[in-house]
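Engineer: Supplied structure: protein-v7.txt, compact mmCIF, C-alpha atoms.
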# COMPACT_ATOMS: atom_id res chain seq x y z
CA MET C 132 130.51 129.76 -54.16
CA TYR C 133 128.31 131.43 -51.60
CA GLN C 134 125.08 132.56 -53.32
CA PRO C 135 122.43 134.23 -51.18
CA VAL C 136 119.51 136.20 -52.59
CA ASN C 137 121.33 139.51 -52.50
CA THR C 138 123.88 139.21 -55.32
CA GLN C 139 125.70 142.38 -54.35
CA ALA C 140 126.40 141.03 -50.87
CA ALA C 141 127.29 137.63 -52.36
CA ASN C 142 129.90 139.22 -54.60
CA LEU C 143 131.55 140.98 -51.69
CA VAL C 144 131.49 137.85 -49.52
CA ASN C 145 133.06 135.84 -52.34
CA TYR C 146 135.64 138.55 -52.90
CA LEU C 147 136.58 138.48 -49.22
CA LEU C 148 136.67 134.68 -49.22
CA HIS C 149 138.97 134.76 -52.22
CA LEU C 150 141.37 137.15 -50.47
CA GLY C 151 141.20 135.15 -47.24
CA ASP C 152 141.55 131.76 -48.98
CA ASN C 153 144.68 132.86 -50.85
CA ALA C 154 146.26 133.76 -47.52
CA LEU C 155 145.03 130.75 -45.55
CA ILE C 156 145.91 128.07 -48.10
CA LEU C 157 149.43 129.37 -48.66
CA SER C 158 149.86 129.70 -44.92
CA GLN C 159 148.79 126.07 -44.42
CA ARG C 160 151.31 124.95 -47.07
CA ASN C 161 154.13 127.02 -45.58
CA SER C 162 153.36 125.72 -42.10
CA GLU C 163 154.26 122.21 -43.33
CA TRP C 164 157.88 123.42 -43.15
CA CYS C 165 157.64 123.91 -39.39
CA GLY C 166 160.46 121.82 -37.96
CA HIS C 167 161.70 120.84 -41.45
CA GLY C 168 163.31 124.05 -42.75
CA PRO C 169 166.86 123.81 -44.11
CA VAL C 170 168.23 125.96 -41.26
CA LEU C 171 166.57 127.07 -38.06
CA GLU C 172 166.42 130.79 -38.91
CA GLN C 173 164.69 130.18 -42.25
CA ASP C 174 162.37 127.59 -40.74
CA ILE C 175 161.31 130.37 -38.33
CA ALA C 176 161.05 132.86 -41.18
CA ILE C 177 158.68 130.76 -43.30
CA THR C 178 156.49 129.94 -40.29
CA ASN C 179 156.42 133.63 -39.28
CA ILE C 180 155.17 134.34 -42.79
CA SER C 181 152.53 131.65 -42.27
CA LEU C 182 151.42 133.38 -39.10
CA ASP C 183 151.10 136.74 -40.85
CA LEU C 184 149.03 135.09 -43.58
CA ILE C 185 146.75 133.36 -41.06
CA GLY C 186 146.19 136.74 -39.41
CA GLN C 187 145.27 138.32 -42.73
CA ALA C 188 142.93 135.42 -43.55
CA ARG C 189 141.24 135.85 -40.16
CA SER C 190 140.59 139.52 -40.83
CA PHE C 191 138.96 138.76 -44.18
CA TYR C 192 136.94 135.84 -42.77
CA GLN C 193 135.73 137.85 -39.78
CA TYR C 194 134.45 140.52 -42.12
CA ALA C 195 132.91 137.97 -44.51
CA ALA C 196 131.20 136.20 -41.59
CA SER C 197 129.74 139.49 -40.32
CA LEU C 198 128.26 140.13 -43.78
CA GLU C 199 127.02 136.59 -44.25
CA GLY C 200 125.32 136.63 -40.84
CA GLY C 201 123.58 133.59 -39.34
CA ASP C 202 125.93 131.03 -37.83
CA ALA C 203 128.92 132.01 -39.96
CA THR C 204 132.16 132.65 -38.08
CA GLU C 205 135.76 132.92 -39.13
CA ASP C 206 136.17 129.30 -37.99
CA SER C 207 133.18 127.94 -39.89
CA LEU C 208 134.47 129.63 -43.04
CA ALA C 209 137.90 128.05 -42.62
CA TYR C 210 136.93 124.61 -41.32
CA LEU C 211 133.55 123.80 -42.79
CA ARG C 212 133.78 124.69 -46.46
CA GLY C 213 134.57 122.06 -49.09
CA GLU C 214 137.07 122.52 -51.90
CA ARG C 215 134.49 123.72 -54.44
CA THR C 216 133.73 126.73 -52.27
CA TYR C 217 137.38 127.64 -51.71
CA LEU C 218 138.31 130.47 -54.05
CA ASN C 219 142.12 130.57 -53.78
CA CYS C 220 144.47 130.61 -56.75
CA LEU C 221 145.77 127.20 -57.82
CA MET C 222 149.40 128.10 -57.15
CA ASN C 223 148.82 128.46 -53.43
CA GLU C 224 147.50 124.91 -53.00
CA LEU C 225 150.31 123.14 -54.87
CA PRO C 226 152.49 120.87 -52.75
CA ASN C 227 155.61 122.64 -51.45
CA GLY C 228 158.16 120.72 -53.52
CA ASP C 229 161.69 121.48 -52.38
CA TRP C 230 162.77 124.61 -50.50
CA GLY C 231 163.54 126.41 -53.76
CA GLN C 232 160.04 125.84 -55.08
CA THR C 233 158.55 127.07 -51.81
CA ILE C 234 160.67 130.24 -51.99
CA MET C 235 159.83 130.87 -55.64
CA ARG C 236 156.10 130.55 -54.95
CA GLN C 237 156.32 132.85 -51.95
CA PHE C 238 158.16 135.37 -54.11
CA PHE C 239 155.57 135.28 -56.93
CA PHE C 240 152.70 135.55 -54.49
CA SER C 241 154.18 138.19 -52.18
CA VAL C 242 154.99 140.53 -55.07
CA TYR C 243 151.41 140.08 -56.28
CA GLN C 244 149.98 140.58 -52.80
CA GLN C 245 151.99 143.76 -52.25
CA LEU C 246 150.65 145.30 -55.47
CA LEU C 247 147.14 144.11 -54.64
CA TYR C 248 147.08 145.49 -51.09
CA ASN C 249 148.57 148.76 -52.29
CA ALA C 250 145.66 149.06 -54.71
CA LEU C 251 143.17 148.09 -51.97
CA LEU C 252 144.29 151.03 -49.84
CA GLN C 253 142.01 153.02 -52.16
CA SER C 254 139.03 150.72 -51.54
CA ARG C 255 135.76 152.50 -50.80
CA ASP C 256 135.12 149.81 -48.20
CA GLU C 257 136.82 150.99 -45.02
CA THR C 258 137.31 147.51 -43.59
CA VAL C 259 138.96 146.21 -46.76
CA ALA C 260 141.23 149.27 -46.87
CA ALA C 261 142.14 148.84 -43.19
CA ILE C 262 143.03 145.15 -43.63
CA ALA C 263 145.18 146.09 -46.63
CA GLU C 264 146.92 148.84 -44.67
CA LYS C 265 147.67 146.52 -41.78
CA SER C 266 148.83 143.63 -43.99
CA LEU C 267 150.99 145.71 -46.28
CA LYS C 268 153.64 146.23 -43.62
CA GLU C 269 153.89 142.47 -43.15
CA VAL C 270 153.95 141.71 -46.87
CA THR C 271 156.81 144.16 -47.35
CA TYR C 272 158.95 141.83 -45.23
CA HIS C 273 157.75 138.79 -47.20
CA VAL C 274 158.68 140.40 -50.53
CA ARG C 275 162.11 141.36 -49.31
CA TRP C 276 162.83 138.00 -47.72
CA SER C 277 161.65 135.92 -50.69
CA SER C 278 163.32 138.18 -53.28
CA GLU C 279 166.66 137.96 -51.49
CA TRP C 280 166.42 134.19 -51.29
CA VAL C 281 165.49 133.83 -54.98
CA ILE C 282 168.64 135.81 -55.76
CA ARG C 283 170.88 133.91 -53.33
CA LEU C 284 169.74 130.52 -54.56
CA GLY C 285 169.46 131.41 -58.26
CA ASP C 286 172.90 133.01 -58.25
CA GLY C 287 174.26 130.38 -55.89
CA THR C 288 175.70 126.95 -56.61
CA ASP C 289 175.03 124.89 -59.74
CA GLU C 290 172.70 122.74 -57.68
CA SER C 291 170.70 125.65 -56.21
CA HIS C 292 170.53 127.38 -59.59
CA ALA C 293 169.20 124.24 -61.28
CA ARG C 294 166.58 123.80 -58.58
CA MET C 295 165.42 127.42 -58.83
CA GLU C 296 165.17 127.13 -62.61
CA LYS C 297 163.11 123.98 -62.22
CA ALA C 298 160.86 125.73 -59.69
CA LEU C 299 160.43 128.67 -62.06
CA ASN C 300 159.44 126.37 -64.92
CA MET C 301 157.10 124.38 -62.71
CA LEU C 302 155.29 127.40 -61.25
CA TRP C 303 155.21 129.86 -64.12
CA SER C 304 152.01 128.60 -65.71
CA TYR C 305 150.23 129.22 -62.40
CA THR C 306 151.13 132.92 -62.22
CA GLY C 307 148.62 134.02 -64.87
CA GLU C 308 145.61 133.26 -62.68
CA PHE C 309 146.46 136.15 -60.34
CA PHE C 310 145.60 138.56 -63.13
CA MET C 311 142.48 136.90 -64.63
CA PRO C 312 139.57 138.49 -62.77
CA ALA C 313 136.77 136.25 -61.50
CA GLY C 314 133.21 137.56 -61.64
CA TYR C 315 133.26 138.68 -58.01
CA GLU C 316 136.50 140.61 -58.61
CA THR C 317 135.05 142.46 -61.59
CA ALA C 318 131.95 143.23 -59.50
CA ALA C 319 134.11 144.46 -56.59
CA VAL C 320 136.02 146.75 -58.95
CA ALA C 321 132.73 148.16 -60.30
CA GLU C 322 131.69 148.91 -56.71
CA GLY C 323 134.94 150.73 -56.00
CA ILE C 324 135.76 148.08 -53.38
CA GLY C 325 138.12 145.72 -55.20
CA ALA C 326 141.36 146.05 -57.12
CA ASP C 327 141.65 145.62 -60.88
CA VAL C 328 144.05 142.66 -60.94
CA ALA C 329 144.65 142.77 -64.70
CA ALA C 330 146.10 146.26 -64.23
CA LEU C 331 148.69 144.90 -61.78
CA GLN C 332 150.25 142.43 -64.22
CA GLN C 333 152.76 144.69 -65.90
CA ARG C 334 154.25 146.01 -62.67
CA TRP C 335 154.34 142.48 -61.28
CA MET C 336 156.19 141.30 -64.38
CA GLU C 337 158.72 144.14 -64.10
CA GLN C 338 159.43 143.51 -60.45
CA VAL C 339 159.69 139.74 -60.93
CA ALA C 340 161.91 140.12 -64.01
CA ALA C 341 164.33 142.40 -62.13
CA VAL C 342 164.81 139.81 -59.38
CA LEU C 343 165.05 136.86 -61.78
CA GLN C 344 167.71 138.69 -63.79
CA GLU C 345 169.74 139.39 -60.69
CA ALA C 346 169.30 135.73 -59.76
CA THR C 347 170.75 134.78 -63.20
CA LEU C 348 167.53 132.94 -63.97
CA PRO C 349 165.76 133.09 -67.35
CA VAL C 350 162.91 135.59 -67.52
CA PRO C 351 159.86 133.97 -69.15
CA VAL C 352 158.39 135.97 -72.02
CA ALA C 353 155.00 137.38 -71.09
CA GLY C 354 152.10 135.96 -73.05
CA LYS C 355 154.01 132.91 -74.34
CA THR C 356 152.82 130.40 -71.75
CA TRP C 357 149.38 128.85 -71.51
CA MET C 358 148.15 129.74 -68.05
CA GLN C 359 146.30 127.49 -65.62
CA SER C 360 143.12 128.82 -64.07
CA GLY C 361 140.00 127.71 -62.23
CA GLY C 362 140.92 128.02 -58.57
CA LYS C 363 139.23 131.38 -58.19
CA GLU C 364 135.99 129.75 -59.40
CA GLY C 365 136.31 126.80 -57.05
CA LYS C 366 137.72 124.39 -59.65
CA HIS C 367 140.82 123.09 -57.97
CA SER C 368 143.65 120.64 -58.46
CA GLU C 369 143.50 117.31 -56.66
CA HIS C 370 145.86 118.73 -54.04
CA LEU C 371 143.41 121.03 -52.28
CA GLY C 372 141.15 118.23 -51.04
CA PHE C 373 144.05 116.53 -49.26
CA LEU C 374 145.17 119.81 -47.76
CA LEU C 375 141.67 120.55 -46.43
CA ALA C 376 141.25 116.99 -45.17
CA GLU C 377 144.23 117.52 -42.90
CA MET C 378 143.46 121.12 -41.94
CA GLN C 379 139.78 120.48 -41.24
CA TYR C 380 140.09 117.02 -39.70
CA LEU C 381 139.39 117.98 -36.10
CA GLN C 382 136.26 120.03 -36.77
CA ARG C 383 134.96 117.39 -39.17
CA ALA C 384 135.57 114.51 -36.79
CA TYR C 385 134.46 116.35 -33.65
CA PRO C 386 132.05 119.08 -34.80
CA GLY C 387 132.14 122.15 -32.59
CA ALA C 388 135.13 120.94 -30.55
CA THR C 389 136.81 123.70 -28.56
CA TRP C 390 139.71 123.78 -26.13
CA MET W 284 126.91 160.23 -19.77
CA SER W 285 128.29 159.70 -16.28
CA SER W 286 129.06 156.26 -15.01
CA VAL W 287 127.70 154.96 -11.71
CA ILE W 288 130.99 153.17 -11.31
CA ASN W 289 133.34 155.69 -9.80
CA ILE W 290 136.30 155.29 -12.13
CA SER W 291 137.52 157.93 -14.51
CA VAL W 292 138.76 157.26 -18.02
CA ALA W 293 142.21 158.34 -16.86
CA ALA W 294 142.08 155.78 -14.05
CA ILE W 295 141.17 153.05 -16.54
CA TRP W 296 144.21 153.97 -18.61
CA SER W 297 146.36 153.52 -15.49
CA LEU W 298 144.63 150.25 -14.62
CA LEU W 299 145.47 148.92 -18.08
CA GLU W 300 149.15 149.16 -17.11
CA GLN W 301 148.49 145.89 -15.28
CA VAL W 302 147.69 144.04 -18.51
CA THR W 303 150.89 142.68 -19.99
CA ASP W 304 151.85 141.08 -23.28
CA PRO W 305 151.93 137.30 -22.61
CA GLU W 306 154.90 136.94 -24.98
CA VAL W 307 156.90 139.88 -23.62
CA PRO W 308 155.66 140.03 -20.02
CA VAL W 309 157.68 143.12 -19.04
CA LEU W 310 155.60 145.23 -21.43
CA SER W 311 152.11 146.44 -20.64
CA VAL W 312 149.56 147.07 -23.34
CA ILE W 313 150.07 150.78 -22.63
CA ASP W 314 153.86 150.48 -23.12
CA LEU W 315 153.23 148.73 -26.44
CA GLY W 316 150.91 151.48 -27.62
CA ILE W 317 148.19 149.04 -28.64
CA VAL W 318 145.43 150.65 -26.54
CA ARG W 319 144.02 153.34 -28.80
CA ASP W 320 140.91 154.53 -26.96
CA VAL W 321 138.87 154.11 -23.77
CA GLN W 322 135.24 155.23 -23.62
CA LEU W 323 132.67 154.91 -20.83
CA ARG W 324 129.35 153.61 -22.13
CA GLY W 325 126.14 154.23 -20.20
CA ASP W 326 125.97 153.52 -16.47
CA ASP W 327 128.13 150.45 -16.23
CA GLY W 328 129.74 149.92 -19.60
CA VAL W 329 133.18 150.55 -21.03
CA GLU W 330 134.68 150.14 -24.49
CA VAL W 331 138.40 149.68 -25.00
CA THR W 332 139.81 149.92 -28.51
CA ILE W 333 143.01 148.02 -29.22
CA THR W 334 145.03 147.42 -32.36
CA PRO W 335 147.16 144.35 -33.10
CA THR W 336 150.90 144.63 -33.56
CA TYR W 337 150.81 142.02 -36.36
CA SER W 338 147.71 140.50 -38.01
CA GLY W 339 148.48 137.02 -36.78
CA CYS W 340 149.74 137.89 -33.32
CA PRO W 341 148.33 135.14 -31.07
CA ALA W 342 148.76 137.36 -28.00
CA MET W 343 145.84 139.57 -29.03
CA ASP W 344 143.13 137.14 -27.94
CA VAL W 345 144.76 136.68 -24.52
CA ILE W 346 145.20 140.43 -24.14
CA SER W 347 141.53 141.06 -25.03
CA MET W 348 140.47 138.52 -22.41
CA GLN W 349 142.74 140.01 -19.74
CA ILE W 350 141.38 143.51 -20.38
CA ARG W 351 137.84 142.17 -20.13
CA MET W 352 138.55 140.34 -16.85
CA LEU W 353 140.25 143.36 -15.31
CA LEU W 354 137.36 145.70 -16.10
CA LEU W 355 134.71 143.19 -14.99
CA GLU W 356 136.54 142.99 -11.66
CA GLN W 357 136.17 146.77 -11.37
CA GLY W 358 132.41 146.37 -11.51
CA PHE W 359 131.70 147.13 -15.15
CA LYS W 360 128.87 145.01 -16.54
CA GLU W 361 129.28 145.67 -20.24
CA VAL W 362 132.88 145.42 -21.36
CA VAL W 363 133.56 145.68 -25.07
CA VAL W 364 137.10 145.19 -26.37
CA LYS W 365 137.10 146.36 -29.97
CA GLN W 366 139.94 145.69 -32.41
CA VAL W 367 140.76 148.22 -35.09
CA LEU W 368 143.32 147.79 -37.87
CA SER W 369 143.66 151.35 -39.10
CA PRO W 370 145.76 153.33 -38.49
CA ALA W 371 148.13 150.37 -38.42
CA TRP W 372 150.28 149.89 -35.33
CA THR W 373 153.84 151.10 -35.51
CA THR W 374 156.81 150.65 -33.20
CA GLY W 375 156.78 154.46 -32.97
CA TRP W 376 153.84 154.12 -30.56
CA MET W 377 155.90 152.29 -27.95
CA SER W 378 156.43 154.38 -24.81
CA GLU W 379 159.86 155.45 -23.55
CA ALA W 380 159.17 153.48 -20.36
CA GLY W 381 158.46 150.47 -22.56
CA ARG W 382 161.77 150.87 -24.38
CA GLN W 383 163.67 150.96 -21.10
CA LYS W 384 161.85 147.89 -19.77
CA LEU W 385 162.62 145.97 -22.96
CA LEU W 386 166.30 146.85 -22.74
CA ALA W 387 166.47 145.72 -19.12
CA TYR W 388 164.75 142.48 -20.17
CA GLY W 389 167.45 141.79 -22.77
CA ILE W 390 165.51 142.71 -25.90
CA ALA W 391 166.82 145.59 -28.00
CA PRO W 392 164.05 148.22 -28.15
CA PRO W 393 163.02 149.72 -31.49
CA ASN W 394 165.32 152.54 -32.49
CA GLN W 395 163.79 156.00 -32.03
CA VAL W 396 164.30 156.71 -35.67
CA GLN W 397 164.28 153.47 -37.58
CA GLN W 398 166.72 153.52 -40.41
CA VAL W 399 165.67 150.47 -42.37
CA CYS W 400 161.96 150.16 -42.94
CA ARG W 401 161.96 150.17 -46.68
CA GLN W 402 161.57 147.90 -49.64
CA GLU W 403 164.94 147.69 -51.34
CA LEU W 404 166.77 144.38 -51.35
CA PHE W 405 169.99 143.65 -49.48
CA ALA W 406 169.70 147.06 -47.82
CA PRO W 407 172.21 147.85 -45.08
CA HIS W 408 171.03 146.41 -41.80
CA GLU W 409 169.77 148.70 -39.11
CA ALA W 410 172.44 149.56 -36.53
CA VAL W 411 171.16 148.03 -33.30
CA ALA W 412 172.91 148.21 -29.94
CA CYS W 413 173.47 144.95 -28.10
CA PRO W 414 171.24 144.96 -25.00
CA GLN W 415 173.95 143.06 -23.07
CA CYS W 416 177.13 145.07 -23.72
CA GLY W 417 175.87 148.15 -25.58
CA SER W 418 178.07 147.59 -28.62
CA TYR W 419 176.79 148.63 -32.04
CA HIS W 420 179.07 146.03 -33.59
CA THR W 421 176.15 143.66 -34.19
CA ARG W 422 174.71 141.79 -37.15
CA LEU W 423 171.28 140.74 -38.34
CA VAL W 424 170.85 136.96 -38.29
CA SER W 425 167.23 136.89 -39.49
CA GLU W 426 164.46 139.41 -40.02
CA PHE W 427 162.11 136.86 -38.46
CA GLY W 428 162.59 135.97 -34.81
CA SER W 429 160.89 134.25 -31.89
CA THR W 430 157.69 136.26 -32.39
CA ALA W 431 156.27 138.20 -35.34
CA CYS W 432 157.39 141.55 -33.89
CA LYS W 433 161.06 140.70 -33.47
CA SER W 434 164.12 140.00 -35.58
CA LEU W 435 167.19 138.07 -34.52
CA TYR W 436 170.57 139.72 -34.08
CA GLN W 437 173.94 138.68 -32.74
CA CYS W 438 176.57 140.83 -31.06
CA ASN W 439 180.00 140.57 -32.71
CA ASP W 440 181.74 141.72 -29.52
CA CYS W 441 180.15 139.73 -26.69
CA HIS W 442 178.74 137.13 -29.15
CA GLU W 443 175.41 137.09 -27.39
CA PRO W 444 172.42 136.48 -29.70
CA PHE W 445 169.48 138.80 -29.00
CA ASP W 446 166.04 139.82 -30.20
CA TYR W 447 165.36 143.24 -31.68
CA PHE W 448 161.87 144.71 -31.71
CA LYS W 449 161.89 145.27 -35.45
CA CYS W 450 160.87 148.17 -37.60
CA HIS W 451 157.15 148.22 -38.26
What would the structure in this file look like if it were written as structure tokens?
Structural biologist:
Amino acid sequence: MYQPVNTQAANLVNYLLHLGDNALILSQRNSEWCGHGPVLEQDIAITNISLDLIGQARSFYQYAASLEGGDATEDSLAYLRGERTYLNCLMNELPNGDWGQTIMRQFFFSVYQQLLYNALLQSRDETVAAIAEKSLKEVTYHVRWSSEWVIRLGDGTDESHARMEKALNMLWSYTGEFFMPAGYETAAVAEGIGADVAALQQRWMEQVAAVLQEATLPVPVAGKTWMQSGGKEGKHSEHLGFLLAEMQYLQRAYPGATW
Amino acid sequence: MSSVINISVAAIWSLLEQVTDPEVPVLSVIDLGIVRDVQLRGDDGVEVTITPTYSGCPAMDVISMQIRMLLLEQGFKEVVVKQVLSPAWTTGWMSEAGRQKLLAYGIAPPNQVQQVCRQELFAPHEAVACPQCGSYHTRLVSEFGSTACKSLYQCNDCHEPFDYFKCH
């Protein structure tokens, strides 16, 4: 994590990096579908969602870079940090799996992101509130698209149902991390800048349960699953290093390259 | 403060009509409603405030550069193109001229009153007229189209697929 002398500034920078990293890492994963989606329209949909997420990440990184000062830019924050300084949730870095798993993850994350950005509209920090306001319109589309596809596939054929159930079981233990605040989140809440993620959990659960029920998928019982965590503190799965190696290759191999 | 360059703010607004969206070249940045403010700064400076349509819209960087080039050509020395996110851009800011140009270009313009910009699932699709034959007998193919700002429709009468500048 970024730790300058001024801890208050460090907390905000880390909070912004966390918000940006969640968006960037999921966007990088989704972009792997480009040219490989099951049908052209949905290939375009998932890559459009990637583009929205990259845009949101850029906004957070630009703001973080302006606070960090020195040589920091949105690009240096994306391309020159190692995995221990990435603060995204573990779920976002997991390999895509099949299309069903990708959809289920997008659904879990988009519902979370919509609640989060709604809460951030009240942020005392004008830039954070503005990014949330801008992004919320985009996320509304992501929630609708992913919810509809969870329902279509869950309540679809035996094969699609089985795959969605498998995706649900695979991903569920990664959903808890959204709602376990890291130190910089607690600090941001105390400052009136951040959102209290623990307070979002119940509404998230209700919204997710409603869609899973309509999708004829089992609704996991809250509190019964041991939840993975660590990503928000920079302790990642083995998958993130490979993802960054690919994403950062050019700037690592040819530092400062532009075109 | 008065500028030594003899161009009024109103004239700059008209000049900006020359800057077009690289992805939808019939639309100027004024038609799109993304220019939010123009201010003269000192003797030879100008600040233009723009807002992106979508966070990740790759056209914004090109548009910023084109605005900068245009104003430098007019003799301004200090050209600042500032991006703001709030209030967030909405299709409601598109000009009537812009709507007509889009239609002529074969893209369905945003409806004046957009019916479906809400959260519920499997909501009825917005009734959009086909830009080719005018029929409202059309269907949504995908809410995500060739660029972030468009969705993909198809006309059930003339069967032509088309883009719709979607509710935002």
Engineer: Rounded to one decimal, what separation in Å do you get between CA of Phe309 (chain C) and CA of His367 (chain C)?
Structural biologist: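 According to the coordinates, CA of Phe309 (chain C) and CA of His367 (chain C) are separated by 14.4 Å.
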Engineer: Can you list, as a list in words, every protein, DNA or RNA residue that comes within 9 Å of Arg351 (chain W) when you count all atoms listed in the file, leaving out same-chain residues fewer than 3 positions away?
Structural biologist: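 Near Arg351 (chain W), the qualifying residues are Val331, Ile346, Ser347, Met348, Leu354, Leu355, Glu356, Val362, Val363 and Val364 of chain W.
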Engineer: Using all atoms listed in the file, which of C:Arg275, C:Arg236, C:Arg215, C:Arg383 sits nearest Leu299 (chain C)?
Structural biologist: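 Selected residue with least distance to Leu299 (chain C): C:Arg236.
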Engineer: Taking into account all atoms listed in the file, which residue in the set W:Gln322, W:Ser434, W:Gln395, W:Gln415 is nearest to Ala293 (chain W)?
Structural biologist: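 Among the listed residues, W:Gln322 lies closest to Ala293 (chain W).
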Engineer: Calculated over all atoms listed in the file, which of the candidates C:Leu251, C:Ile282, C:Ala340, C:Ile185 has the smallest distance to Ala319 (chain C)?
Structural biologist: C:Leu251
Engineer: Please determine the contact residues of chain C with respect to chain W at a cut-off of 10 Å, counting all atoms listed in the file, and supply them as a ChimeraX atom specification.
Structural biologist: /C:171-190,257-258,260-269,271-279,282,342
Engineer: Within 7 Å of region 313-318 of chain W, counting only C-alpha atoms, which residues show up once you throw out same-chain ones fewer than 2 positions away? Write them as a PyMOL selection string, please.
Structural biologist: chain W and resi 299-300+310-311+320+332-335+376-378+380-381
Engineer: Name all residues at most 9 Å from region 369-379 of chain C (count all atoms listed in the file; drop same-chain ones fewer than 2 positions away) and give them as number ranges by chain.
Structural biologist: C: 156, 159-160, 209-214, 217, 221, 224-226, 367, 381-384
Engineer: As a PDB file with C-alpha atoms, keeping the file's coordinate frame, please: the residues near Asp327 (chain W) (cut-off 12 Å, all atoms listed in the file, same-chain neighbours under 2 positions excluded).
Structural biologist:
ATOM      1  CA  MET W 284     126.910 160.230 -19.770  1.00  0.00           C
ATOM      2  CA  SER W 285     128.290 159.700 -16.280  1.00  0.00           C
ATOM      3  CA  SER W 286     129.060 156.260 -15.010  1.00  0.00           C
ATOM      4  CA  VAL W 287     127.700 154.960 -11.710  1.00  0.00           C
ATOM      5  CA  ILE W 288     130.990 153.170 -11.310  1.00  0.00           C
ATOM      6  CA  ASN W 289     133.340 155.690  -9.800  1.00  0.00           C
ATOM      7  CA  ILE W 290     136.300 155.290 -12.130  1.00  0.00           C
ATOM      8  CA  GLN W 322     135.240 155.230 -23.620  1.00  0.00           C
ATOM      9  CA  LEU W 323     132.670 154.910 -20.830  1.00  0.00           C
ATOM     10  CA  ARG W 324     129.350 153.610 -22.130  1.00  0.00           C
ATOM     11  CA  GLY W 325     126.140 154.230 -20.200  1.00  0.00           C
ATOM     12  CA  VAL W 329     133.180 150.550 -21.030  1.00  0.00           C
ATOM     13  CA  GLU W 330     134.680 150.140 -24.490  1.00  0.00           C
ATOM     14  CA  LEU W 354     137.360 145.700 -16.100  1.00  0.00           C
ATOM     15  CA  LEU W 355     134.710 143.190 -14.990  1.00  0.00           C
ATOM     16  CA  GLN W 357     136.170 146.770 -11.370  1.00  0.00           C
ATOM     17  CA  GLY W 358     132.410 146.370 -11.510  1.00  0.00           C
ATOM     18  CA  PHE W 359     131.700 147.130 -15.150  1.00  0.00           C
ATOM     19  CA  LYS W 360     128.870 145.010 -16.540  1.00  0.00           C
ATOM     20  CA  GLU W 361     129.280 145.670 -20.240  1.00  0.00           C
ATOM     21  CA  VAL W 362     132.880 145.420 -21.360  1.00  0.00           C
ATOM     22  CA  VAL W 363     133.560 145.680 -25.070  1.00  0.00           C
TER      23      VAL W 363
END
Engineer: Counting only C-alpha atoms, write as a list of chain:residue names all protein and nucleic acid residues lying at most 10 Å from (174.3, 142.4, -28.4) in the file's frame.
Structural biologist: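 Nearby residues: W:Gly389, W:Ile390, W:Ala391, W:Val411, W:Ala412, W:Cys413, W:Pro414, W:Gln415, W:Cys416, W:Gly417, W:Ser418, W:Tyr419, W:His420, W:Thr421, W:Arg422, W:Tyr436, W:Gln437, W:Cys438, W:Asn439, W:Asp440, W:Cys441, W:His442, W:Glu443, W:Pro444, W:Phe445, W:Asp446, W:Tyr447.
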Engineer: Which residue out of C:Leu302, C:Tyr243, C:Asn249, C:Ala195 has the minimum interatomic distance to Met336 (chain C) when only C-alpha atoms are used?
Structural biologist: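 Smallest distance to Met336 (chain C) is found for C:Tyr243.
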Engineer: Which value, in Å to one decimal, gives the distance between CA of Thr288 (chain C) and CA of Val339 (chain C)?
Structural biologist: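 Computing it gives 20.9 Å between the two atoms.
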Engineer: Could you state the separation of CA of Asp326 (chain W) and CA of Ile350 (chain W) in Å, given to one decimal place?
Structural biologist: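 Taking CA of Asp326 (chain W) as the start and CA of Ile350 (chain W) as the end point, the length is 18.8 Å.
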Engineer: Kindly compute an axis-aligned box around the listed atoms of region 295-301 of chain W, allowing 5 Å on each side, and express its centre and edge lengths in Å to one decimal as AutoDock Vina command-line options.
Structural biologist:
--center_x 145.2 --center_y 149.9 --center_z -16.6 --size_x 18.0 --size_y 18.1 --size_z 14.0
Engineer: Could you check which of C:Thr317, C:Asn145, C:Ser304, C:Gln332 is closest to Asn219 (chain C), using all atoms listed in the file?
Structural biologist: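 Of C:Thr317, C:Asn145, C:Ser304, C:Gln332, the one nearest Asn219 (chain C) is C:Asn145, counting all atoms listed in the file.
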Engineer: Taking 5 positions as the minimum chain separation for residues in the same chain, which residues sit within 9 Å of Val281 (chain C) when counting all atoms listed in the file? Answer as a VMD selection string.
Structural biologist: chain C and resid 231 234 to 235 238 276 286 295 342 to 343 346
Engineer: Which is closer to Glu306 (chain W) than all the others in W:Ala410, W:Val321, W:Ala387, W:Val345, using all atoms listed in the file?
Structural biologist: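 Closest to Glu306 (chain W) of all the choices is W:Val345.
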